[in-house]
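What follows is the content of final_16.cif (mmCIF, C-alpha atoms).
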data_upload
#
loop_
_atom_site.label_atom_id
_atom_site.label_comp_id
_atom_site.auth_asym_id
_atom_site.auth_seq_id
_atom_site.Cartn_x
_atom_site.Cartn_y
_atom_site.Cartn_z
CA MET Y 115 102.87 121.21 85.19
CA GLN Y 116 101.52 118.46 82.97
CA ARG Y 117 99.74 119.40 79.78
CA PHE Y 118 100.40 116.78 77.14
CA GLY Y 119 102.22 113.49 77.50
CA ARG Y 120 103.97 112.39 80.61
CA PRO Y 121 106.19 114.48 82.93
CA MET Y 122 109.87 114.53 82.07
CA LYS Y 123 111.75 111.85 83.99
CA PRO Y 124 115.38 112.01 85.09
CA ILE Y 125 117.82 110.30 82.75
CA LYS Y 126 118.29 106.76 84.03
CA LYS Y 127 121.88 106.17 82.98
CA TRP Y 128 123.35 109.44 84.23
CA TRP Y 129 126.92 108.38 83.56
CA ILE Y 130 126.22 108.52 79.81
CA LEU Y 131 125.92 112.30 80.18
CA LEU Y 132 129.22 112.79 82.04
CA PRO Y 133 131.46 113.35 78.98
CA ILE Y 134 128.88 115.71 77.49
CA LEU Y 135 128.60 117.74 80.71
CA ILE Y 136 132.39 117.95 81.10
CA TRP Y 137 132.76 119.07 77.48
CA ARG Y 138 129.98 121.64 77.88
CA ASN Y 139 131.57 123.12 81.00
CA MET Y 140 134.96 123.33 79.28
CA MET Y 141 133.40 125.14 76.34
CA LEU Y 142 131.54 127.56 78.59
CA GLU Y 143 134.72 128.40 80.51
CA ASN Y 144 136.40 129.48 77.26
CA LYS Y 145 135.13 132.96 76.52
CA VAL Y 146 134.08 133.53 72.94
CA VAL Y 147 135.35 136.63 71.20
CA LEU Y 148 133.19 137.58 68.26
CA SER Y 149 134.83 138.39 64.96
CA GLU Y 150 134.43 141.87 63.49
CA GLU Y 151 131.95 140.49 60.96
CA LEU Y 152 129.79 138.87 63.65
CA ASN Y 153 129.92 142.01 65.79
CA GLN Y 154 128.67 143.98 62.79
CA LYS Y 155 125.84 141.51 62.21
CA LEU Y 156 124.88 141.64 65.89
CA GLU Y 157 124.83 145.43 65.79
CA LYS Y 158 122.71 145.32 62.64
CA LEU Y 159 120.28 143.00 64.44
CA LYS Y 160 120.04 145.38 67.39
CA GLU Y 161 119.53 148.39 65.13
CA TYR Y 162 116.78 146.64 63.19
CA ILE Y 163 114.98 145.63 66.39
CA ALA Y 164 115.36 149.12 67.85
CA GLY Y 165 113.76 150.54 64.72
CA LEU Y 166 110.65 148.43 65.30
CA GLY Y 167 110.03 150.04 68.69
CA SER Y 168 108.03 147.17 70.18
CA LEU Y 169 107.93 143.48 69.40
CA ALA Y 170 106.07 140.24 70.07
CA VAL Y 171 108.37 137.29 69.33
CA GLY Y 172 107.00 133.86 68.50
CA PHE Y 173 109.23 132.09 71.03
CA SER Y 174 109.73 128.32 70.82
CA GLY Y 175 112.72 128.13 73.14
CA GLY Y 176 114.97 126.90 70.31
CA VAL Y 177 118.39 128.24 69.36
CA ASP Y 178 117.17 130.90 66.92
CA SER Y 179 114.18 132.35 68.75
CA SER Y 180 116.13 132.34 72.04
CA LEU Y 181 118.84 134.58 70.60
CA LEU Y 182 116.24 136.82 68.97
CA THR Y 183 114.30 137.10 72.24
CA ALA Y 184 117.40 137.77 74.34
CA VAL Y 185 118.69 140.50 72.02
CA ALA Y 186 115.23 142.04 71.66
CA HIS Y 187 114.88 142.14 75.44
CA GLU Y 188 118.27 143.84 75.73
CA VAL Y 189 117.19 146.46 73.18
CA LEU Y 190 113.50 146.92 73.97
CA GLY Y 191 113.09 145.87 77.59
CA GLU Y 192 109.42 145.92 78.57
CA ARG Y 193 108.42 146.71 74.98
CA LEU Y 194 109.13 143.05 74.17
CA ILE Y 195 106.87 140.09 74.86
CA ALA Y 196 107.73 136.47 74.11
CA VAL Y 197 104.76 134.32 73.09
CA THR Y 198 104.95 130.52 73.14
CA GLY Y 199 102.29 128.38 71.50
CA ALA Y 200 101.31 125.38 73.60
CA ASP Y 201 99.58 122.45 71.92
CA ALA Y 202 99.88 118.68 71.60
CA SER Y 203 102.67 118.94 69.00
CA VAL Y 204 105.01 120.65 71.49
CA PRO Y 205 106.61 118.42 74.16
CA GLU Y 206 106.22 119.59 77.74
CA ARG Y 207 110.00 119.73 78.16
CA GLU Y 208 110.22 122.37 75.40
CA VAL Y 209 107.56 124.54 77.00
CA ASN Y 210 109.23 124.23 80.41
CA GLU Y 211 112.58 125.27 78.94
CA ALA Y 212 110.96 128.29 77.28
CA ILE Y 213 109.37 129.30 80.59
CA ALA Y 214 112.67 128.92 82.46
CA PHE Y 215 114.61 130.91 79.83
CA CYS Y 216 112.28 133.91 80.14
CA LYS Y 217 111.96 133.70 83.92
CA GLU Y 218 115.74 133.75 84.43
CA ARG Y 219 116.05 136.88 82.28
CA GLY Y 220 112.97 138.77 83.42
CA ILE Y 221 111.37 138.58 79.99
CA ARG Y 222 107.60 139.00 79.77
CA HIS Y 223 106.38 135.61 78.61
CA ILE Y 224 102.91 134.51 77.55
CA LEU Y 225 101.72 130.98 76.83
CA CYS Y 226 98.96 130.86 74.26
CA LYS Y 227 96.75 127.83 73.72
CA VAL Y 228 96.26 126.92 70.09
CA ASP Y 229 94.77 123.84 68.48
CA PRO Y 230 96.06 123.35 64.93
CA LEU Y 231 94.21 120.01 64.76
CA GLN Y 232 91.05 122.02 64.10
CA GLU Y 233 92.49 122.89 60.66
CA GLU Y 234 91.82 120.19 58.07
CA GLY Y 235 94.99 120.96 56.11
CA TYR Y 236 97.03 120.45 59.26
CA ARG Y 237 95.13 117.41 60.51
CA ASN Y 238 95.43 115.64 57.15
CA ASN Y 239 99.16 116.44 57.09
CA SER Y 240 99.21 118.07 53.69
CA PRO Y 241 102.56 119.34 52.38
CA ASP Y 242 101.39 122.80 53.48
CA ARG Y 243 100.78 121.65 57.06
CA CYS Y 244 103.18 124.23 58.51
CA TYR Y 245 101.30 127.02 56.76
CA PHE Y 246 98.09 126.25 58.67
CA CYS Y 247 99.95 125.84 61.95
CA LYS Y 248 101.96 129.07 61.66
CA HIS Y 249 98.95 131.01 60.44
CA GLY Y 250 96.98 129.94 63.49
CA ILE Y 251 99.82 130.64 65.92
CA PHE Y 252 100.65 134.09 64.58
CA THR Y 253 96.99 135.05 64.37
CA GLU Y 254 96.91 134.43 68.12
CA VAL Y 255 100.24 136.24 68.62
CA LYS Y 256 98.78 139.25 66.80
CA ARG Y 257 95.74 139.22 69.07
CA ILE Y 258 98.02 139.18 72.12
CA ALA Y 259 100.28 141.87 70.65
CA ASP Y 260 97.31 144.15 70.03
CA GLU Y 261 96.14 143.57 73.60
CA TYR Y 262 99.55 144.63 74.96
CA GLY Y 263 99.97 147.56 72.58
CA ILE Y 264 102.82 145.88 70.69
CA LYS Y 265 103.17 147.04 67.10
CA TYR Y 266 105.18 144.27 65.38
CA MET Y 267 105.53 140.49 65.41
CA ALA Y 268 108.72 138.53 64.70
CA GLU Y 269 109.88 134.96 64.20
CA GLY Y 270 113.30 133.31 64.31
CA THR Y 271 114.14 131.97 60.87
CA ASN Y 272 117.70 132.55 59.64
CA MET Y 273 119.56 132.56 56.32
CA ASP Y 274 119.92 128.76 56.32
CA ASP Y 275 116.12 128.51 56.11
CA VAL Y 276 115.99 130.41 52.82
CA GLY Y 277 115.43 128.00 49.95
CA ASP Y 278 114.32 125.13 52.20
CA TYR Y 279 110.71 123.94 51.92
CA ARG Y 280 109.03 126.04 54.62
CA PRO Y 281 105.37 126.86 53.89
CA GLY Y 282 105.18 128.44 57.35
CA LEU Y 283 107.16 131.38 55.99
CA ARG Y 284 104.29 132.10 53.60
CA ALA Y 285 101.92 132.42 56.55
CA ALA Y 286 104.39 134.70 58.33
CA ALA Y 287 104.66 136.92 55.25
CA GLU Y 288 100.86 137.15 54.90
CA LEU Y 289 100.59 138.32 58.52
CA SER Y 290 103.51 140.80 58.17
CA VAL Y 291 105.69 138.91 60.65
CA LYS Y 292 109.25 140.23 60.72
CA SER Y 293 112.39 138.05 60.46
CA PRO Y 294 115.16 140.03 62.22
CA LEU Y 295 117.78 137.27 62.07
CA ARG Y 296 117.43 137.12 58.29
CA GLU Y 297 117.55 140.92 58.11
CA ALA Y 298 120.93 140.70 59.88
CA ARG Y 299 122.03 137.96 57.42
CA LEU Y 300 122.73 135.52 60.27
CA ASN Y 301 123.02 131.79 59.65
CA LYS Y 302 122.65 128.95 62.16
CA SER Y 303 126.32 128.52 63.04
CA GLU Y 304 126.70 132.26 63.58
CA ILE Y 305 123.62 132.29 65.81
CA ARG Y 306 125.18 129.55 67.94
CA ILE Y 307 128.46 131.46 68.23
CA ILE Y 308 126.74 134.69 69.28
CA SER Y 309 124.48 132.80 71.68
CA ARG Y 310 127.52 131.22 73.30
CA ALA Y 311 129.26 134.60 73.57
CA MET Y 312 126.14 135.96 75.29
CA GLY Y 313 126.07 133.03 77.71
CA LEU Y 314 122.77 131.65 76.47
CA PRO Y 315 122.23 127.99 77.43
CA THR Y 316 120.61 127.33 74.05
CA TRP Y 317 123.84 127.83 72.08
CA SER Y 318 124.46 124.06 71.99
CA LYS Y 319 120.84 122.92 72.00
CA PRO Y 320 120.05 120.33 69.29
CA ALA Y 321 117.83 121.47 66.43
CA TYR Y 322 114.17 120.77 67.09
CA ALA Y 323 110.97 120.68 65.03
CA CYS Y 324 107.41 120.17 66.26
CA LEU Y 325 106.13 116.61 66.62
CA ALA Y 326 103.84 117.01 63.61
CA SER Y 327 106.94 116.87 61.39
CA ARG Y 328 107.36 113.18 62.28
CA PHE Y 329 104.48 112.00 60.07
CA VAL Y 330 104.43 110.86 56.46
CA TYR Y 331 102.60 113.44 54.35
CA GLY Y 332 98.99 112.39 53.95
CA GLU Y 333 98.76 110.47 57.23
CA GLU Y 334 96.19 111.88 59.62
CA ILE Y 335 97.62 113.62 62.67
CA THR Y 336 95.82 112.99 65.94
CA GLU Y 337 96.56 113.95 69.53
CA GLU Y 338 96.96 110.24 70.35
CA LYS Y 339 99.66 109.82 67.68
CA LEU Y 340 101.44 112.97 68.80
CA HIS Y 341 101.42 111.59 72.33
CA MET Y 342 102.95 108.32 71.10
CA ILE Y 343 105.81 110.16 69.40
CA ASP Y 344 106.33 112.39 72.42
CA GLN Y 345 106.60 109.34 74.70
CA ALA Y 346 108.97 107.53 72.34
CA GLU Y 347 111.31 110.49 71.89
CA GLN Y 348 111.26 111.25 75.61
CA PHE Y 349 112.33 107.65 76.27
CA LEU Y 350 115.30 108.02 73.91
CA ILE Y 351 116.32 111.32 75.50
CA GLU Y 352 116.19 109.76 78.94
CA HIS Y 353 118.66 107.16 77.67
CA GLY Y 354 121.15 109.74 76.42
CA PHE Y 355 120.12 110.12 72.77
CA PHE Y 356 119.74 113.89 72.51
CA GLU Y 357 119.72 114.25 68.73
CA GLU Y 358 116.93 111.93 67.69
CA ARG Y 359 113.70 111.70 65.77
CA VAL Y 360 110.97 109.07 65.87
CA ARG Y 361 109.23 109.12 62.49
CA MET Y 362 105.78 107.53 62.28
CA HIS Y 363 104.87 105.43 59.24
CA GLY Y 364 101.47 104.04 60.22
CA ASN Y 365 102.22 101.47 62.94
CA ILE Y 366 105.97 101.59 62.25
CA ALA Y 367 108.40 103.71 64.26
CA ARG Y 368 111.51 104.71 62.29
CA ILE Y 369 114.20 105.93 64.67
CA GLU Y 370 116.84 108.40 63.52
CA VAL Y 371 119.96 109.07 65.58
CA PRO Y 372 123.36 110.42 64.44
CA PRO Y 373 125.49 107.71 62.75
CA VAL Y 374 127.89 107.74 65.70
CA ASP Y 375 125.03 106.69 68.01
CA ILE Y 376 123.70 103.89 65.81
CA PRO Y 377 126.00 101.16 67.27
CA ARG Y 378 125.00 102.12 70.82
CA LEU Y 379 121.29 102.05 70.03
CA ALA Y 380 121.62 98.73 68.17
CA ALA Y 381 123.66 97.09 70.95
CA ASP Y 382 122.24 94.23 73.00
CA GLY Y 383 120.42 95.46 76.07
CA ILE Y 384 119.39 98.95 74.94
CA ARG Y 385 117.97 97.58 71.66
CA GLU Y 386 115.62 95.21 73.49
CA GLU Y 387 114.69 97.91 75.99
CA VAL Y 388 113.77 100.38 73.25
CA TYR Y 389 111.77 97.77 71.37
CA ALA Y 390 109.81 96.75 74.48
CA GLU Y 391 109.03 100.36 75.40
CA PHE Y 392 107.96 101.32 71.88
CA ARG Y 393 105.65 98.30 71.71
CA LYS Y 394 104.17 99.37 75.02
CA ILE Y 395 103.61 102.85 73.61
CA GLY Y 396 101.65 101.37 70.72
CA PHE Y 397 104.01 100.78 67.79
CA LEU Y 398 103.80 97.39 66.09
CA PHE Y 399 107.21 97.57 64.38
CA VAL Y 400 110.35 99.42 65.52
CA THR Y 401 113.09 100.20 62.98
CA LEU Y 402 116.43 102.02 62.98
CA ASP Y 403 117.23 104.25 59.99
CA LEU Y 404 120.74 103.30 58.82
CA LYS Y 405 121.33 106.66 57.14
CA GLY Y 406 121.05 108.32 60.52
CA TYR Y 407 119.53 111.51 61.81
CA ARG Y 408 118.95 114.40 59.40
CA LEU Y 409 116.62 117.37 59.37
CA GLY Y 410 113.43 117.17 57.32
CA SER Y 411 113.77 113.56 56.18
CA MET Y 412 110.02 113.43 55.50
CA ASN Y 413 110.53 116.09 52.81
CA GLU Y 414 112.53 113.51 50.84
CA THR Y 415 109.20 112.01 49.75
CA LEU Y 416 108.18 115.38 48.28
CA GLN Y 417 111.42 115.62 46.33
CA LYS Y 418 110.86 112.18 44.82
CA LYS Y 419 107.32 113.08 43.72
CA SER Y 420 108.48 116.26 42.04
#
Can I see the file as structure tokens?
Amino acid sequence: MQRFGRPMKPIKKWWILLPILIWRNMMLENKVVLSEELNQKLEKLKEYIAGLGSLAVGFSGGVDSSLLTAVAHEVLGERLIAVTGADASVPEREVNEAIAFCKERGIRHILCKVDPLQEEGYRNNSPDRCYFCKHGIFTEVKRIADEYGIKYMAEGTNMDDVGDYRPGLRAAAELSVKSPLREARLNKSEIRIISRAMGLPTWSKPAYACLASRFVYGEEITEEKLHMIDQAEQFLIEHGFFEERVRMHGNIARIEVPPVDIPRLAADGIREEVYAEFRKIGFLFVTLDLKGYRLGSMNETLQKKS
């Protein structure tokens, strides 16, 4: 399947992944025993979901929505559907992982085509961009839920998201979208622990945000620019940089990787290779952020203005 961007290529320097794969296998072999507190939170999550009766989950394939979907499927069975929005801001690899996750577990999964670029507030990358995107996605999820006779919708935010700048939550509230993980008072680290105990492959998956989050507020978002970022980030992933972001500042690419990976990315050989590829993609300048990878770095500009 090829929707947006190029197909995912195998990682060229496979040996870079060897320590990570060995570590992952060692971790998976060690069974996780949940604490009494986490068991109580998991039971609370199940009880809350059971009380809803039927559910359509906005499923991105990330850590949070994967746990929510897996638990909801355990509780509700066929009364659960997972709905994944597919548009130019979502890399093909993420959609493929979402498809595989549901297929392996027998979860009813629906891909819905949405085009947030039709919304001016999204296209112009206003600070409320996520509001327009989430409103469009969950409007479509509601249509699908009604078609399947599903009463409620849910999304995967957790307690760590409370207080962060997330205009998408406003859209979810307006459309009466439930937040079961928050109802169970679960935070991100607890979600990872429970996911690992349940054997979900997403327990160690790096945090991910849609490609639209890579733009400076006020810069127009286009499908061509989204494609450029998708290509650039895919190139880094293929070279073993799994926690990364390519931020777009006009014709400048600002690369974020964890501080521990900065020396490797800046080393002779890989540095020239990244520069050449990014120029080929269409960037005029290629920079490396010395502070390193962090979530929501574009929101720092909003904090300065306020």
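What the PyMOL selection byres ((chain Y and resi 271) around 7) grabs from this file is Asp178, Glu269, Gly270, Asn272, Asp275, Ser293, Leu295 and Arg296 of chain Y.
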query = Got a sec to resolve the PyMOL selection byres ((chain Y and resi 360) around 7) on this structure and send the residues as an NGL selection string?
reply = :Y and (328 or 343 or 346-347 or 358-359 or 361-362 or 367-370)
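Considering the residues Y:Glu234, Y:Val374, Y:Leu169, Y:Ala164 and counting only C-alpha atoms, Y:Phe355 has its shortest atom-to-atom contact with Y:Val374.
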query = If the PyMOL selection byres ((chain Y and resi 215) around 10) is run on the structure shown, which residues does it catch, given as a PyMOL selection string?
reply = chain Y and resi 175+180+183-184+209-214+216-221+223+314-316
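Of the residues under consideration (Y:Lys155, Y:Lys145, Y:Lys256, Y:Arg237), Y:Lys155 shows the shortest atom-to-atom contact distance to Y:Pro294 when counting all atoms listed in the file.
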ask   = Which of these residues is nearest to Y:Asn238, using only C-alpha atoms: Y:Pro377, Y:Pro372, Y:Gly332, Y:Gly406?
value = Y:Gly332
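Of the residues under consideration (Y:Phe356, Y:Phe399, Y:Phe392, Y:Phe349), Y:Phe356 shows the shortest atom-to-atom contact distance to Y:Ala321 when counting all atoms listed in the file.
With only C-alpha atoms as the atoms that count, the residue of Y:Gly172, Y:Val276, Y:Ala381, Y:Ile395 with the shortest distance to Y:Glu297 is Y:Val276.
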key: Surrounding residues of stretch 278-291 of chain Y excluding itself and chain neighbours under 3 positions, 7 Å, all atoms listed in the file, as a list in words   = Asp242, Cys244, Tyr245, Lys248, His249, Met267, Ala268, Glu269 and Asp275 of chain Y
request  = Dig up all the protein and nucleic acid residues within 9 Å of (122.4, 133.0, 67.1) in the file frame, using all atoms listed in the file, and format them as JSON, numbers by chain.
outcome  = {"Y": [177, 178, 179, 180, 181, 182, 272, 295, 300, 301, 302, 303, 304, 305, 306, 307, 308, 309, 310, 317]}
ask   = Of the candidates Y:Ala380, Y:Val255, Y:Glu150, Y:Ile366, which one gets nearest to Y:Val400 if we count only C-alpha atoms?
value = Y:Ile366
Box time for stretch 224-235 of chain Y: axis-aligned, enclosing all its listed atoms, 3 Å extra on each side; report centre and edge lengths in Å to one decimal, as lines of an AutoDock Vina configuration file.
center_x = 97.0
center_y = 127.3
center_z = 66.8
size_x = 17.9
size_y = 20.5
size_z = 27.4
message = List as an NGL selection string the protein and nucleic acid residues near Y:Ala202, meaning an atom at most 8 Å away when all atoms listed in the file are counted, but skip any in the same chain fewer than 3 places from it.
response = :Y and (118 or 205 or 229 or 337 or 340-341)
task = Please indicate the distance in Å from atom CA of Y:Ala196 to atom CA of Y:Leu148, rounded to one decimal place.
result = 26.1 Å
query = So how far away is atom CA of Y:Tyr389 from atom CA of Y:Thr401, in Å?
reply = 8.8 Å
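Taking atom CA of Y:Thr253 and atom CA of Y:His187 as the two end points, the separation is 22.2 Å.
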